[in-house]
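For reference, entry_15.cif (mmCIF, C-alpha atoms):
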```cif
data_work
#
loop_
_atom_site.label_atom_id
_atom_site.label_comp_id
_atom_site.auth_asym_id
_atom_site.auth_seq_id
_atom_site.Cartn_x
_atom_site.Cartn_y
_atom_site.Cartn_z
CA MET A 1 0.00 0.00 0.00
CA ILE A 2 1.48 3.31 -1.10
CA VAL A 3 -0.07 6.09 0.98
CA PHE A 4 -0.26 9.43 -0.81
CA LYS A 5 -1.95 12.80 -0.86
CA GLU A 6 -2.54 14.92 -3.93
CA PHE A 7 -3.58 18.43 -4.87
CA ARG A 8 -3.41 20.84 -7.80
CA LEU A 9 -1.92 24.29 -8.02
CA LYS A 10 -3.95 27.04 -9.66
CA ASN A 11 -1.84 26.69 -12.81
CA GLY A 12 -2.93 23.06 -13.16
CA LEU A 13 0.21 21.33 -11.87
CA HIS A 14 -0.83 18.00 -10.35
CA VAL A 15 1.20 17.41 -7.17
CA ILE A 16 1.40 14.08 -5.32
CA VAL A 17 3.09 13.58 -1.95
CA HIS A 18 4.22 10.26 -0.52
CA GLU A 19 5.63 10.54 3.00
CA ASP A 20 8.18 7.97 4.18
CA PRO A 21 9.97 9.12 7.34
CA THR A 22 11.96 5.85 7.49
CA VAL A 23 14.37 7.03 4.79
CA GLN A 24 16.87 9.89 4.77
CA ILE A 25 16.33 10.91 1.15
CA ALA A 26 13.74 12.77 -0.86
CA VAL A 27 12.80 12.01 -4.44
CA MET A 28 11.31 14.33 -7.02
CA ASN A 29 9.73 12.82 -10.11
CA ILE A 30 8.21 15.05 -12.75
CA LEU A 31 6.29 13.41 -15.55
CA TYR A 32 5.35 15.35 -18.66
CA ASP A 33 2.38 13.93 -20.53
CA VAL A 34 4.21 13.88 -23.84
CA GLY A 35 5.88 11.09 -25.77
CA SER A 36 6.70 10.21 -29.34
CA ARG A 37 3.00 9.61 -30.07
CA ASP A 38 2.51 13.39 -29.74
CA GLU A 39 4.91 14.26 -32.54
CA GLN A 40 4.14 15.17 -36.14
CA GLU A 41 5.04 12.43 -38.59
CA GLU A 42 7.38 14.75 -40.49
CA LYS A 43 9.05 15.94 -37.23
CA THR A 44 9.72 12.87 -35.10
CA GLY A 45 12.21 12.29 -32.29
CA PHE A 46 11.43 15.60 -30.57
CA ALA A 47 10.26 14.12 -27.24
CA HIS A 48 13.52 12.21 -26.96
CA LEU A 49 15.52 15.25 -28.07
CA PHE A 50 13.94 17.21 -25.21
CA GLU A 51 15.02 14.57 -22.73
CA HIS A 52 18.53 15.78 -23.61
CA LEU A 53 17.77 19.48 -24.03
CA MET A 54 16.26 19.75 -20.55
CA PHE A 55 19.72 19.05 -19.12
CA GLY A 56 21.28 21.77 -21.28
CA GLY A 57 20.61 24.44 -18.69
CA SER A 58 18.00 27.12 -18.13
CA VAL A 59 18.22 30.90 -18.33
CA ASN A 60 19.10 31.24 -14.64
CA ILE A 61 20.94 27.94 -14.14
CA PRO A 62 23.38 27.30 -17.00
CA ASN A 63 24.53 23.94 -15.62
CA TYR A 64 21.74 21.72 -14.26
CA ASP A 65 23.97 18.95 -12.85
CA GLU A 66 26.45 21.08 -10.94
CA PRO A 67 24.19 22.54 -8.19
CA LEU A 68 22.47 19.16 -7.79
CA GLN A 69 25.76 17.36 -7.28
CA MET A 70 26.89 20.02 -4.79
CA VAL A 71 24.02 19.03 -2.49
CA GLY A 72 24.61 15.30 -2.90
CA GLY A 73 21.94 14.68 -5.53
CA GLU A 74 21.75 12.60 -8.67
CA ASN A 75 19.31 12.52 -11.56
CA ASN A 76 18.23 10.84 -14.77
CA ALA A 77 15.38 10.75 -17.28
CA PHE A 78 13.71 8.60 -19.89
CA THR A 79 11.32 9.02 -22.79
CA ASN A 80 8.98 6.53 -24.40
CA THR A 81 6.00 6.54 -26.74
CA ASP A 82 3.70 8.03 -24.08
CA ILE A 83 5.64 10.05 -21.49
CA THR A 84 8.82 11.94 -20.70
CA ASN A 85 9.96 11.38 -17.12
CA TYR A 86 12.62 13.23 -15.10
CA TYR A 87 13.68 12.09 -11.64
CA LEU A 88 16.22 12.99 -9.01
CA THR A 89 17.26 12.00 -5.50
CA VAL A 90 18.70 14.30 -2.82
CA PRO A 91 19.30 14.18 0.92
CA ALA A 92 15.91 15.12 2.35
CA ALA A 93 17.27 18.34 3.87
CA ASN A 94 18.12 19.57 0.36
CA ILE A 95 14.78 18.99 -1.34
CA GLU A 96 14.30 22.71 -2.03
CA THR A 97 17.24 22.56 -4.44
CA ALA A 98 15.19 20.10 -6.49
CA PHE A 99 12.21 22.48 -6.56
CA TRP A 100 14.48 25.32 -7.67
CA LEU A 101 16.09 23.32 -10.47
CA GLU A 102 12.94 21.73 -11.89
CA SER A 103 10.80 24.86 -11.71
CA ASP A 104 13.43 26.99 -13.40
CA ARG A 105 13.81 24.75 -16.43
CA MET A 106 10.03 24.43 -16.73
CA LEU A 107 9.72 28.21 -16.66
CA SER A 108 12.77 29.31 -18.62
CA LEU A 109 14.64 26.59 -20.46
CA SER A 110 17.69 27.87 -22.29
CA PHE A 111 17.27 27.92 -26.05
CA ASP A 112 20.92 28.65 -26.70
CA PRO A 113 21.57 27.53 -30.31
CA LYS A 114 24.89 26.04 -29.19
CA VAL A 115 23.07 23.76 -26.73
CA LEU A 116 20.64 22.65 -29.42
CA ASP A 117 23.50 21.94 -31.79
CA VAL A 118 25.38 19.86 -29.22
CA GLN A 119 22.34 17.83 -28.14
CA ARG A 120 21.20 17.33 -31.71
CA LYS A 121 24.59 15.77 -32.49
CA VAL A 122 24.38 13.59 -29.36
CA VAL A 123 20.97 12.24 -30.39
CA VAL A 124 22.07 11.65 -33.99
CA GLU A 125 25.08 9.69 -32.73
CA GLU A 126 22.83 7.71 -30.38
CA PHE A 127 20.54 6.93 -33.33
CA LYS A 128 23.49 5.57 -35.30
CA GLN A 129 25.06 3.60 -32.47
CA ARG A 130 21.94 2.03 -30.97
CA TYR A 131 19.82 1.51 -34.06
CA TYR A 132 22.13 1.24 -37.07
CA ASN A 133 25.46 -0.04 -35.75
CA GLN A 134 24.21 -2.63 -33.29
CA PRO A 135 23.10 -6.17 -34.20
CA TYR A 136 19.28 -6.26 -34.49
CA GLY A 137 19.28 -2.56 -33.51
CA ASP A 138 16.90 -1.59 -36.31
CA VAL A 139 14.26 -4.17 -35.40
CA TRP A 140 11.77 -1.64 -34.04
CA LEU A 141 12.40 0.76 -36.89
CA LYS A 142 10.98 -2.03 -39.08
CA LEU A 143 8.47 -3.70 -36.73
CA ARG A 144 6.57 -0.59 -35.69
CA PRO A 145 5.56 0.50 -39.21
CA LEU A 146 4.72 -3.12 -39.98
CA ALA A 147 2.36 -3.47 -37.02
CA TYR A 148 0.95 0.08 -37.07
CA LYS A 149 -0.37 1.73 -40.22
CA GLN A 150 -2.24 4.74 -38.75
CA HIS A 151 -1.34 5.35 -35.09
CA PRO A 152 1.87 7.31 -34.29
CA TYR A 153 3.24 4.26 -32.50
CA LYS A 154 4.42 3.41 -36.01
CA TRP A 155 7.68 5.27 -35.38
CA ALA A 156 10.23 4.62 -32.64
CA THR A 157 10.87 7.03 -29.78
CA ILE A 158 14.28 7.88 -31.23
CA GLY A 159 12.46 9.11 -34.34
CA LYS A 160 11.42 7.87 -37.75
CA GLU A 161 14.66 8.93 -39.40
CA ILE A 162 17.83 10.80 -38.48
CA SER A 163 17.07 13.75 -40.77
CA HIS A 164 14.16 14.85 -38.56
CA ILE A 165 16.58 15.62 -35.72
CA GLU A 166 19.35 16.88 -37.99
CA ASN A 167 16.93 19.43 -39.47
CA ALA A 168 15.28 20.48 -36.19
CA THR A 169 15.25 24.28 -36.00
CA ASP A 170 15.17 26.66 -33.05
CA ALA A 171 11.58 27.50 -33.94
CA ASP A 172 10.60 23.79 -34.02
CA VAL A 173 12.15 23.24 -30.60
CA LYS A 174 10.49 26.27 -29.00
CA GLU A 175 7.10 25.33 -30.41
CA PHE A 176 7.35 21.81 -28.98
CA PHE A 177 8.51 23.05 -25.58
CA PHE A 178 5.84 25.70 -25.04
CA LYS A 179 3.15 23.29 -26.17
CA HIS A 180 4.03 20.37 -23.90
CA TYR A 181 6.35 21.46 -21.06
CA VAL A 182 3.78 23.42 -19.08
CA PRO A 183 2.34 22.94 -15.56
CA SER A 184 -1.07 21.83 -16.83
CA ASN A 185 0.64 18.97 -18.70
CA ALA A 186 2.82 17.76 -15.83
CA ILE A 187 2.57 15.55 -12.75
CA LEU A 188 4.96 16.28 -9.88
CA VAL A 189 5.61 13.60 -7.26
CA VAL A 190 7.67 14.26 -4.14
CA ALA A 191 8.39 11.22 -1.99
CA GLY A 192 10.55 10.23 0.95
CA ASN A 193 11.35 12.07 4.16
CA VAL A 194 9.05 15.00 3.43
CA THR A 195 5.67 16.21 4.67
CA GLU A 196 2.58 17.26 2.79
CA GLU A 197 2.69 20.71 4.36
CA GLN A 198 6.33 21.16 3.33
CA VAL A 199 5.66 20.06 -0.25
CA ARG A 200 2.57 22.29 -0.56
CA SER A 201 4.59 25.29 0.55
CA LEU A 202 7.55 24.58 -1.75
CA ALA A 203 5.35 23.72 -4.73
CA GLU A 204 3.49 27.00 -4.40
CA LYS A 205 6.73 28.94 -3.90
CA TRP A 206 8.62 27.54 -6.87
CA PHE A 207 5.95 26.37 -9.34
CA GLY A 208 2.89 28.44 -8.44
CA SER A 209 3.79 31.50 -10.51
CA ILE A 210 4.61 29.60 -13.71
CA PRO A 211 1.96 30.31 -16.39
CA PRO A 212 -0.29 27.26 -16.77
CA GLY A 213 -0.11 26.96 -20.52
CA LYS A 214 -2.84 25.02 -22.25
CA LYS A 215 -2.94 21.27 -21.90
CA PRO A 216 -2.62 19.98 -25.47
CA ALA A 217 -5.69 18.32 -26.94
CA ARG A 218 -4.80 14.80 -28.00
CA ASN A 219 -6.71 13.61 -31.05
CA LEU A 220 -4.58 10.75 -32.29
CA VAL A 221 -5.52 8.61 -35.26
CA LYS A 222 -6.81 5.27 -34.03
CA GLU A 223 -5.36 2.11 -35.48
CA THR A 224 -7.94 0.18 -37.47
CA ALA A 225 -8.36 -3.52 -36.74
CA GLN A 226 -5.87 -5.67 -38.60
CA THR A 227 -7.57 -8.15 -40.92
CA ALA A 228 -4.67 -10.05 -42.49
CA LYS A 229 -1.28 -11.35 -41.38
CA ARG A 230 1.66 -9.16 -42.39
CA ILE A 231 5.13 -10.51 -43.14
CA GLU A 232 8.35 -8.64 -43.80
CA GLU A 233 11.91 -9.88 -44.28
CA THR A 234 15.23 -8.19 -43.69
CA LYS A 235 18.84 -9.31 -43.82
CA ALA A 236 21.92 -8.04 -42.00
CA LYS A 237 25.25 -9.13 -40.57
CA VAL A 238 23.85 -10.51 -37.34
CA PRO A 239 24.99 -13.69 -35.56
CA ALA A 240 21.76 -15.70 -35.97
CA ASN A 241 18.39 -15.73 -37.69
CA ALA A 242 15.76 -14.11 -35.48
CA LEU A 243 11.97 -14.08 -35.49
CA TYR A 244 9.76 -11.24 -34.25
CA LYS A 245 6.01 -11.70 -34.03
CA THR A 246 3.57 -9.07 -32.78
CA TYR A 247 -0.14 -9.14 -31.94
CA HIS A 248 -2.41 -6.17 -31.28
CA MET A 249 -3.90 -5.95 -27.76
CA GLY A 250 -5.52 -3.47 -25.39
CA GLY A 251 -3.88 -0.42 -23.80
CA ARG A 252 -2.23 -0.18 -20.39
CA PHE A 253 -5.24 1.19 -18.53
CA GLU A 254 -7.78 -1.22 -20.02
CA LYS A 255 -9.08 -4.04 -17.82
CA SER A 256 -8.07 -6.62 -20.45
CA TYR A 257 -4.41 -5.62 -20.04
CA TYR A 258 -3.83 -7.77 -16.96
CA ALA A 259 -4.93 -11.00 -18.63
CA ALA A 260 -2.75 -10.23 -21.66
CA ASP A 261 0.22 -9.49 -19.42
CA LEU A 262 -0.16 -12.76 -17.54
CA LEU A 263 -0.67 -14.61 -20.84
CA SER A 264 2.72 -13.35 -22.03
CA ASP A 265 4.26 -14.60 -18.76
CA ILE A 266 2.72 -18.05 -19.22
CA LEU A 267 4.28 -18.15 -22.66
CA SER A 268 7.84 -17.30 -21.69
CA ARG A 269 8.51 -16.33 -18.06
CA GLY A 270 10.89 -18.89 -16.63
CA GLN A 271 12.31 -22.17 -17.89
CA SER A 272 9.04 -24.05 -17.34
CA SER A 273 7.04 -21.60 -19.47
CA ARG A 274 5.35 -22.88 -22.63
CA LEU A 275 7.65 -21.40 -25.26
CA TYR A 276 10.94 -21.81 -23.41
CA HIS A 277 10.33 -25.36 -22.20
CA LYS A 278 9.18 -26.69 -25.57
CA LEU A 279 11.24 -24.71 -28.07
CA VAL A 280 14.51 -24.10 -26.24
CA LYS A 281 14.89 -27.04 -23.86
CA GLU A 282 12.97 -29.84 -25.51
CA LEU A 283 13.04 -29.31 -29.30
CA GLU A 284 16.14 -27.03 -29.33
CA ILE A 285 14.71 -24.90 -32.13
CA PHE A 286 15.48 -21.56 -30.48
CA THR A 287 18.56 -20.60 -28.51
CA SER A 288 16.50 -17.93 -26.72
CA ILE A 289 12.88 -16.86 -26.78
CA SER A 290 10.71 -14.36 -24.95
CA SER A 291 7.28 -12.80 -24.97
CA PHE A 292 6.18 -9.53 -23.40
CA VAL A 293 3.58 -6.79 -23.65
CA MET A 294 4.59 -3.28 -24.62
CA GLY A 295 2.50 -1.64 -21.89
CA THR A 296 1.59 1.40 -23.97
CA ILE A 297 -1.28 3.66 -22.93
CA ASP A 298 -3.02 3.36 -26.30
CA PRO A 299 -3.71 -0.15 -27.66
CA GLY A 300 -0.37 -1.91 -27.82
CA LEU A 301 1.36 -5.11 -28.77
CA LEU A 302 2.09 -8.54 -27.37
CA VAL A 303 5.51 -9.48 -28.75
CA ILE A 304 7.16 -12.86 -29.21
CA SER A 305 10.80 -12.88 -30.27
CA GLY A 306 13.59 -15.39 -30.42
CA ARG A 307 16.87 -16.34 -32.02
CA VAL A 308 16.76 -19.52 -34.04
CA LYS A 309 19.28 -22.34 -33.81
CA ASP A 310 21.59 -22.84 -36.81
CA GLY A 311 20.17 -25.12 -39.47
CA ILE A 312 16.51 -24.42 -38.69
CA SER A 313 14.50 -22.16 -40.97
CA LEU A 314 12.57 -19.18 -39.68
CA GLU A 315 9.42 -20.60 -41.27
CA GLU A 316 9.81 -23.86 -39.35
CA ALA A 317 10.52 -21.98 -36.15
CA GLU A 318 7.40 -19.87 -36.54
CA LEU A 319 5.31 -22.96 -37.21
CA GLU A 320 6.43 -24.44 -33.88
CA ILE A 321 5.50 -21.24 -32.07
CA ASP A 322 2.09 -21.29 -33.74
CA LYS A 323 1.46 -24.84 -32.51
CA ILE A 324 1.93 -23.72 -28.91
CA LEU A 325 -0.24 -20.65 -29.37
CA HIS A 326 -2.95 -22.73 -31.04
CA ASP A 327 -2.97 -25.10 -28.07
CA ILE A 328 -3.57 -22.22 -25.64
CA VAL A 329 -6.26 -20.73 -27.88
CA THR A 330 -7.98 -24.13 -28.10
CA ASN A 331 -7.50 -25.52 -24.61
CA GLY A 332 -6.61 -22.60 -22.38
CA VAL A 333 -4.08 -22.79 -19.53
CA THR A 334 -3.88 -24.74 -16.29
CA GLU A 335 -4.65 -23.36 -12.85
CA GLU A 336 -1.08 -24.18 -11.83
CA GLU A 337 0.34 -22.08 -14.69
CA LEU A 338 -1.88 -19.16 -13.81
CA GLU A 339 -1.07 -19.24 -10.10
CA LYS A 340 2.64 -19.40 -10.84
CA VAL A 341 2.67 -16.27 -13.04
CA LYS A 342 0.34 -14.45 -10.65
CA ASN A 343 2.77 -15.06 -7.80
CA GLN A 344 5.67 -13.89 -9.95
CA ALA A 345 3.79 -10.75 -11.00
CA MET A 346 2.81 -9.95 -7.40
CA ALA A 347 6.41 -10.38 -6.27
CA THR A 348 7.57 -8.04 -9.04
CA VAL A 349 5.11 -5.34 -7.95
CA GLU A 350 6.06 -5.70 -4.29
CA PHE A 351 9.78 -5.70 -5.04
CA GLY A 352 9.33 -2.58 -7.13
CA GLU A 353 7.80 -0.79 -4.16
CA VAL A 354 10.89 -1.23 -2.00
CA GLU A 355 12.72 1.78 -3.45
CA VAL A 356 11.24 5.24 -2.91
CA ILE A 357 12.07 6.31 -6.46
CA ASN A 358 10.04 3.41 -7.87
CA ARG A 359 7.05 4.37 -5.73
CA ALA A 360 7.29 7.94 -6.98
CA MET A 361 7.39 6.82 -10.62
CA ALA A 362 4.49 4.42 -10.09
CA LEU A 363 2.36 7.19 -8.56
CA ALA A 364 3.10 9.56 -11.44
CA PHE A 365 2.23 6.97 -14.07
CA ALA A 366 -0.93 5.85 -12.26
CA ALA A 367 -2.08 9.48 -12.14
CA LEU A 368 -2.14 9.50 -15.96
CA SER A 369 -5.03 7.03 -15.83
CA GLY A 370 -7.12 9.60 -13.98
CA ASN A 371 -7.02 7.49 -10.82
CA THR A 372 -3.78 7.74 -8.86
CA ASN A 373 -4.94 4.95 -6.54
CA LEU A 374 -4.49 2.54 -9.43
CA VAL A 375 -1.02 2.16 -7.95
CA ASN A 376 -2.66 0.32 -5.03
CA THR A 377 -5.30 -1.71 -6.87
CA GLU A 378 -3.15 -3.40 -9.53
CA LYS A 379 -2.35 -6.37 -7.32
CA ALA A 380 -6.07 -6.96 -6.82
CA GLU A 381 -6.60 -6.67 -10.59
CA LEU A 382 -3.89 -9.27 -11.20
CA SER A 383 -5.26 -11.54 -8.49
CA ALA A 384 -8.75 -11.39 -10.01
CA VAL A 385 -7.65 -12.72 -13.42
CA THR A 386 -9.14 -16.16 -14.07
CA ARG A 387 -8.32 -19.00 -16.45
CA ASP A 388 -11.35 -17.93 -18.49
CA ASP A 389 -9.90 -14.42 -18.75
CA ILE A 390 -6.60 -15.83 -20.02
CA HIS A 391 -8.43 -18.06 -22.49
CA GLU A 392 -10.47 -15.13 -23.77
CA ALA A 393 -7.33 -13.00 -24.11
CA ALA A 394 -5.63 -15.76 -26.08
CA LYS A 395 -8.60 -16.15 -28.44
CA THR A 396 -8.87 -12.40 -28.94
CA ILE A 397 -5.17 -11.60 -29.35
CA LEU A 398 -3.42 -14.68 -30.77
CA ARG A 399 -5.22 -14.70 -34.10
CA ASP A 400 -3.19 -15.18 -37.26
CA GLU A 401 -4.84 -12.21 -38.97
CA ASN A 402 -3.90 -10.06 -35.95
CA SER A 403 -0.18 -10.77 -36.32
CA SER A 404 2.78 -9.05 -37.96
CA VAL A 405 5.97 -11.06 -38.46
CA LEU A 406 9.52 -9.95 -39.15
CA TYR A 407 11.95 -12.56 -40.44
CA TYR A 408 15.39 -11.20 -39.55
CA ARG A 409 17.83 -13.25 -41.61
CA SER A 410 21.53 -13.54 -40.90
CA ALA A 411 23.78 -12.70 -43.84
CA MET A 412 26.66 -14.17 -41.82
CA GLN A 413 24.99 -17.58 -41.64
CA GLU A 414 24.42 -17.56 -45.38
CA LEU A 415 28.13 -16.91 -45.96
CA GLN A 416 29.05 -19.79 -43.63
CA THR A 417 26.81 -22.21 -45.53
#
```
Now, as a test, write the supplied structure out as structure tokens.
Amino acid sequence: MIVFKEFRLKNGLHVIVHEDPTVQIAVMNILYDVGSRDEQEEKTGFAHLFEHLMFGGSVNIPNYDEPLQMVGGENNAFTNTDITNYYLTVPAANIETAFWLESDRMLSLSFDPKVLDVQRKVVVEEFKQRYYNQPYGDVWLKLRPLAYKQHPYKWATIGKEISHIENATDADVKEFFFKHYVPSNAILVVAGNVTEEQVRSLAEKWFGSIPPGKKPARNLVKETAQTAKRIEETKAKVPANALYKTYHMGGRFEKSYYAADLLSDILSRGQSSRLYHKLVKELEIFTSISSFVMGTIDPGLLVISGRVKDGISLEEAELEIDKILHDIVTNGVTEEELEKVKNQAMATVEFGEVEVINRAMALAFAALSGNTNLVNTEKAELSAVTRDDIHEAAKTILRDENSSVLYYRSAMQELQT
């Protein structure tokens, strides 16, 4: 149980307080309700670019990291399809430094062209290193537009192509910032050795005078139901043939999400799971295999991926996966399988709540659903999933016409043969 209190400032900033007097630290987590899904298709990668730009200094604080480090703090951030999240930890006595830093860059981020140029180059290099120069690095650059034809999930968080970041102008950057990085589009969580009264006072002092901005209206194109299986092939100098198979499913805050999540665990969590036990241990078709759900706010994907053993074709490997999926669709799962993955999922949630920073992040993300207490009801939602729910999820999701498959062929293997 994560106990919290919440309130809003007049400018719309949603503030959540989680008091934990047993620790000596304080955590600040600020979530901006903007991700790559909020970008224009001809200007992608901006949410991720801002993850970098926000550390480039503000008008009054040219070096964000330096004052934080001077008070014993540390920080980081991440961006995905749905959110941009900044977090820091300081000794509890120095929490006001966090308010000063975060409020100043929300109010007056530096738009120094030199900073933009530096961070643009950093992101371009990251694009090359992580997506082009790494084995299988371009998988999601190919899988997303295969699985999505309308929704902006069809491009990766890094961006659709390097040129979008290379050509980003000062005007583009300012427009994106003033549209999304405003109090009415943010959720601020302060957790640890703090009090509600203290946080109310500091939030009003440092954030209260920032103009609210206008929370952006989100009218995203909905993905139409897939009616036929899609297949794409690619070839690169990778060590082994690999198979990637996606299925459309519900979004993170839909009730059906929990059954789909547990279904993916039954398929591949642990050595006794369906896919691993049969295809890695018993038949030795794959050297590794996994399944997971993307967890996106809008309708997402259940993904199955694996690297195929030498001498076995990707088509044969996929056929063996399909046999296992067909069995679950036809016959469902056992009570023992369900209880096992439930226990694992519960343990994961509970373990995640040990660290204060994880509790702060969980509260911020739950608040996006419109019900911050979702952070405390998810275990009950998981516990309530039945075998019938899993069976229904399997029948709904694991349909051939609902799938998109990427055959990632190894050019190295072809040379060896």
Between range 120-190 of chain A and range 10-13 of chain A, at 7 Å or less, what are the per-residue closest atom pairs and their distances in Å? Count all atoms listed in the file, order by chain and rising residue number, and return it as CSV.
```
residue,atom,partner,partner_atom,distance
A:Pro183,CA,A:Leu13,CA,4.6
A:Ser184,CA,A:Gly12,CA,4.3
A:Ala186,CA,A:Leu13,CA,5.9
A:Ile187,CA,A:Leu13,CA,6.3
```
Quick one: write out the picked residues with C-alpha atoms as a short mmCIF file (atom, residue, chain, number, x, y, z; two decimals), in the coordinates of the input?
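Ended up saving to result-v1.cif:
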```cif
data_model
loop_
_atom_site.label_atom_id
_atom_site.label_comp_id
_atom_site.auth_asym_id
_atom_site.auth_seq_id
_atom_site.Cartn_x
_atom_site.Cartn_y
_atom_site.Cartn_z
CA PRO A 183 2.34 22.94 -15.56
CA SER A 184 -1.07 21.83 -16.83
CA ALA A 186 2.82 17.76 -15.83
CA ILE A 187 2.57 15.55 -12.75
#
```
> Which is closest to Gln40 in chain A among A:His164, A:Lys174, A:His277, A:Lys114, if we use only C-alpha atoms?
Replying inline: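 Of A:His164, A:Lys174, A:His277, A:Lys114, the one nearest Gln40 in chain A is A:His164, counting only C-alpha atoms.
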> Of the candidates A:Ser404, A:Thr227, A:Ser410, A:Asn376, which shows the shortest atom-to-atom distance to Val308 in chain A, using all atoms listed in the file?
Replying inline: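 The closest residue to Val308 in chain A is A:Ser410.
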> Using all atoms listed in the file, which residue out of A:Asp33, A:Asp65, A:Asp172, A:Glu316 lies closest to Asn185 in chain A?
Replying inline: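 Checking each of A:Asp33, A:Asp65, A:Asp172, A:Glu316 against Asn185 in chain A, counting all atoms listed in the file, the winner is A:Asp33.
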> Hey, which of A:Val189, A:Val356, A:Met346, A:Ala366 ends up closest to Phe253 in chain A? Count all atoms listed in the file.
Replying inline: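 Looking only at the distances to Phe253 in chain A, the closest residue turns out to be A:Ala366.
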>> Applying the PyMOL selection byres ((chain A and resi 403) around 7) to the file I just gave you, which residues come out? Please list them as a list of chain:residue names.
In response: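 Matching residues under the PyMOL selection byres ((chain A and resi 403) around 7) are A:Lys229, A:Arg230, A:Lys245, A:Thr246, A:Tyr247, A:Arg399, A:Asp400, A:Glu401, A:Asn402, A:Ser404, A:Val405.
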> What residues come out when you apply the PyMOL selection byres ((chain A and resi 119) around 9) to this file, written as a list in words?
Replying inline: Leu49, Phe50, His52, Leu53, Gly56, Lys114, Val115, Leu116, Asp117, Val118, Arg120, Lys121, Val122, Val123 and Val124 of chain A
Generate a file of the selected residues that holds C-alpha atoms, formatted as a PDB file, in the coordinates of the input.
```pdb
ATOM      1  CA  LEU A  49      15.520  15.250 -28.070  1.00  0.00           C
ATOM      2  CA  PHE A  50      13.940  17.210 -25.210  1.00  0.00           C
ATOM      3  CA  HIS A  52      18.530  15.780 -23.610  1.00  0.00           C
ATOM      4  CA  LEU A  53      17.770  19.480 -24.030  1.00  0.00           C
ATOM      5  CA  GLY A  56      21.280  21.770 -21.280  1.00  0.00           C
ATOM      6  CA  LYS A 114      24.890  26.040 -29.190  1.00  0.00           C
ATOM      7  CA  VAL A 115      23.070  23.760 -26.730  1.00  0.00           C
ATOM      8  CA  LEU A 116      20.640  22.650 -29.420  1.00  0.00           C
ATOM      9  CA  ASP A 117      23.500  21.940 -31.790  1.00  0.00           C
ATOM     10  CA  VAL A 118      25.380  19.860 -29.220  1.00  0.00           C
ATOM     11  CA  ARG A 120      21.200  17.330 -31.710  1.00  0.00           C
ATOM     12  CA  LYS A 121      24.590  15.770 -32.490  1.00  0.00           C
ATOM     13  CA  VAL A 122      24.380  13.590 -29.360  1.00  0.00           C
ATOM     14  CA  VAL A 123      20.970  12.240 -30.390  1.00  0.00           C
ATOM     15  CA  VAL A 124      22.070  11.650 -33.990  1.00  0.00           C
TER      16      VAL A 124
END
```
> Mind telling me what the PyMOL selection byres ((chain A and resi 388-397) around 9) catches here, as a VMD selection string?
Replying inline: chain A and resid 247 to 249 256 to 257 259 to 260 262 to 263 302 325 to 326 328 to 333 338 385 to 387 398 to 400 402 to 403
Restrict the calculation to all atoms listed in the file, then for each residue of range 204-262 of chain A with any atom at most 12 Å from an atom of range 79-101 of chain A give the closest atom pair and their distance in Å to one decimal, rows by chain and rising residue number, as CSV.
```
residue,atom,partner,partner_atom,distance
A:Glu204,CA,A:Phe99,CA,10.1
A:Lys205,CA,A:Phe99,CA,8.9
A:Trp206,CA,A:Phe99,CA,6.2
A:Phe207,CA,A:Phe99,CA,7.9
A:Gly208,CA,A:Phe99,CA,11.2
A:Arg218,CA,A:Asp82,CA,11.6
A:Leu220,CA,A:Asp82,CA,12.0
A:Gly251,CA,A:Asp82,CA,11.4
A:Arg252,CA,A:Asp82,CA,10.8
```
>> Taking all atoms listed in the file into account, name the residue in A:Ala411, A:Ala225, A:Ala217, A:Val354 that is nearest to Tyr148 in chain A.
In response: A:Ala225
> Looking at all atoms listed in the file, which of A:Met361, A:Leu31, A:Leu406, A:Leu279 is the one that sits closest to Glu315 in chain A?
Replying inline: A:Leu406
> Any idea what the distance is between CA of Glu339 in chain A and CA of Ser288 in chain A?
Replying inline: 24.2 Å
>> Excluding Ala367 in chain A and its own-chain neighbours fewer than 2 positions away, which residues fall within 12 Å of it when counting all atoms listed in the file? Please give them as a ChimeraX atom specification.
In response: /A:4-7,14-16,30-33,185-189,253,360-365,369-376
How big is the axis-aligned box around the listed atoms of range 21-28 of chain A once 3 Å is added on each side, and where is its centre? Give both in Å to one decimal, as JSON.
```
{"center_x": 13.4, "center_y": 10.1, "center_z": 0.2, "size_x": 12.9, "size_y": 14.5, "size_z": 20.5}
```
> Could you list as a list of chain:residue names every residue that has an atom within 9 Å of (15.7, -7.8, -37.0), using the file's coordinates and counting all atoms listed in the file?
Replying inline: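 Within 9 Å of (15.7, -7.8, -37.0), the protein and nucleic acid residues are A:Pro135, A:Tyr136, A:Gly137, A:Asp138, A:Val139, A:Trp140, A:Lys142, A:Leu143, A:Glu233, A:Thr234, A:Lys235, A:Ala236, A:Val238, A:Asn241, A:Ala242, A:Leu243, A:Tyr244, A:Leu406, A:Tyr407, A:Tyr408, A:Arg409.
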> CA of Pro62 in chain A and CA of Ser110 in chain A are how many Å apart?
Replying inline: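 Separating CA of Pro62 in chain A from CA of Ser110 in chain A is a distance of 7.8 Å.
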> Interatomic distance between CA of Glu102 in chain A and CA of Leu368 in chain A?
Replying inline: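 A separation of 19.8 Å between them.
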>> Show me, as a list in words, the residues that have an atom within 8 Å of Ala47 in chain A when counting only C-alpha atoms, minus same-chain residues fewer than 3 positions from it.
In response: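 Everything that qualifies: Val34, Gly35, Ser36, Glu39, Thr44, Phe50, Glu51, Thr79, Thr84 and Thr157 of chain A.
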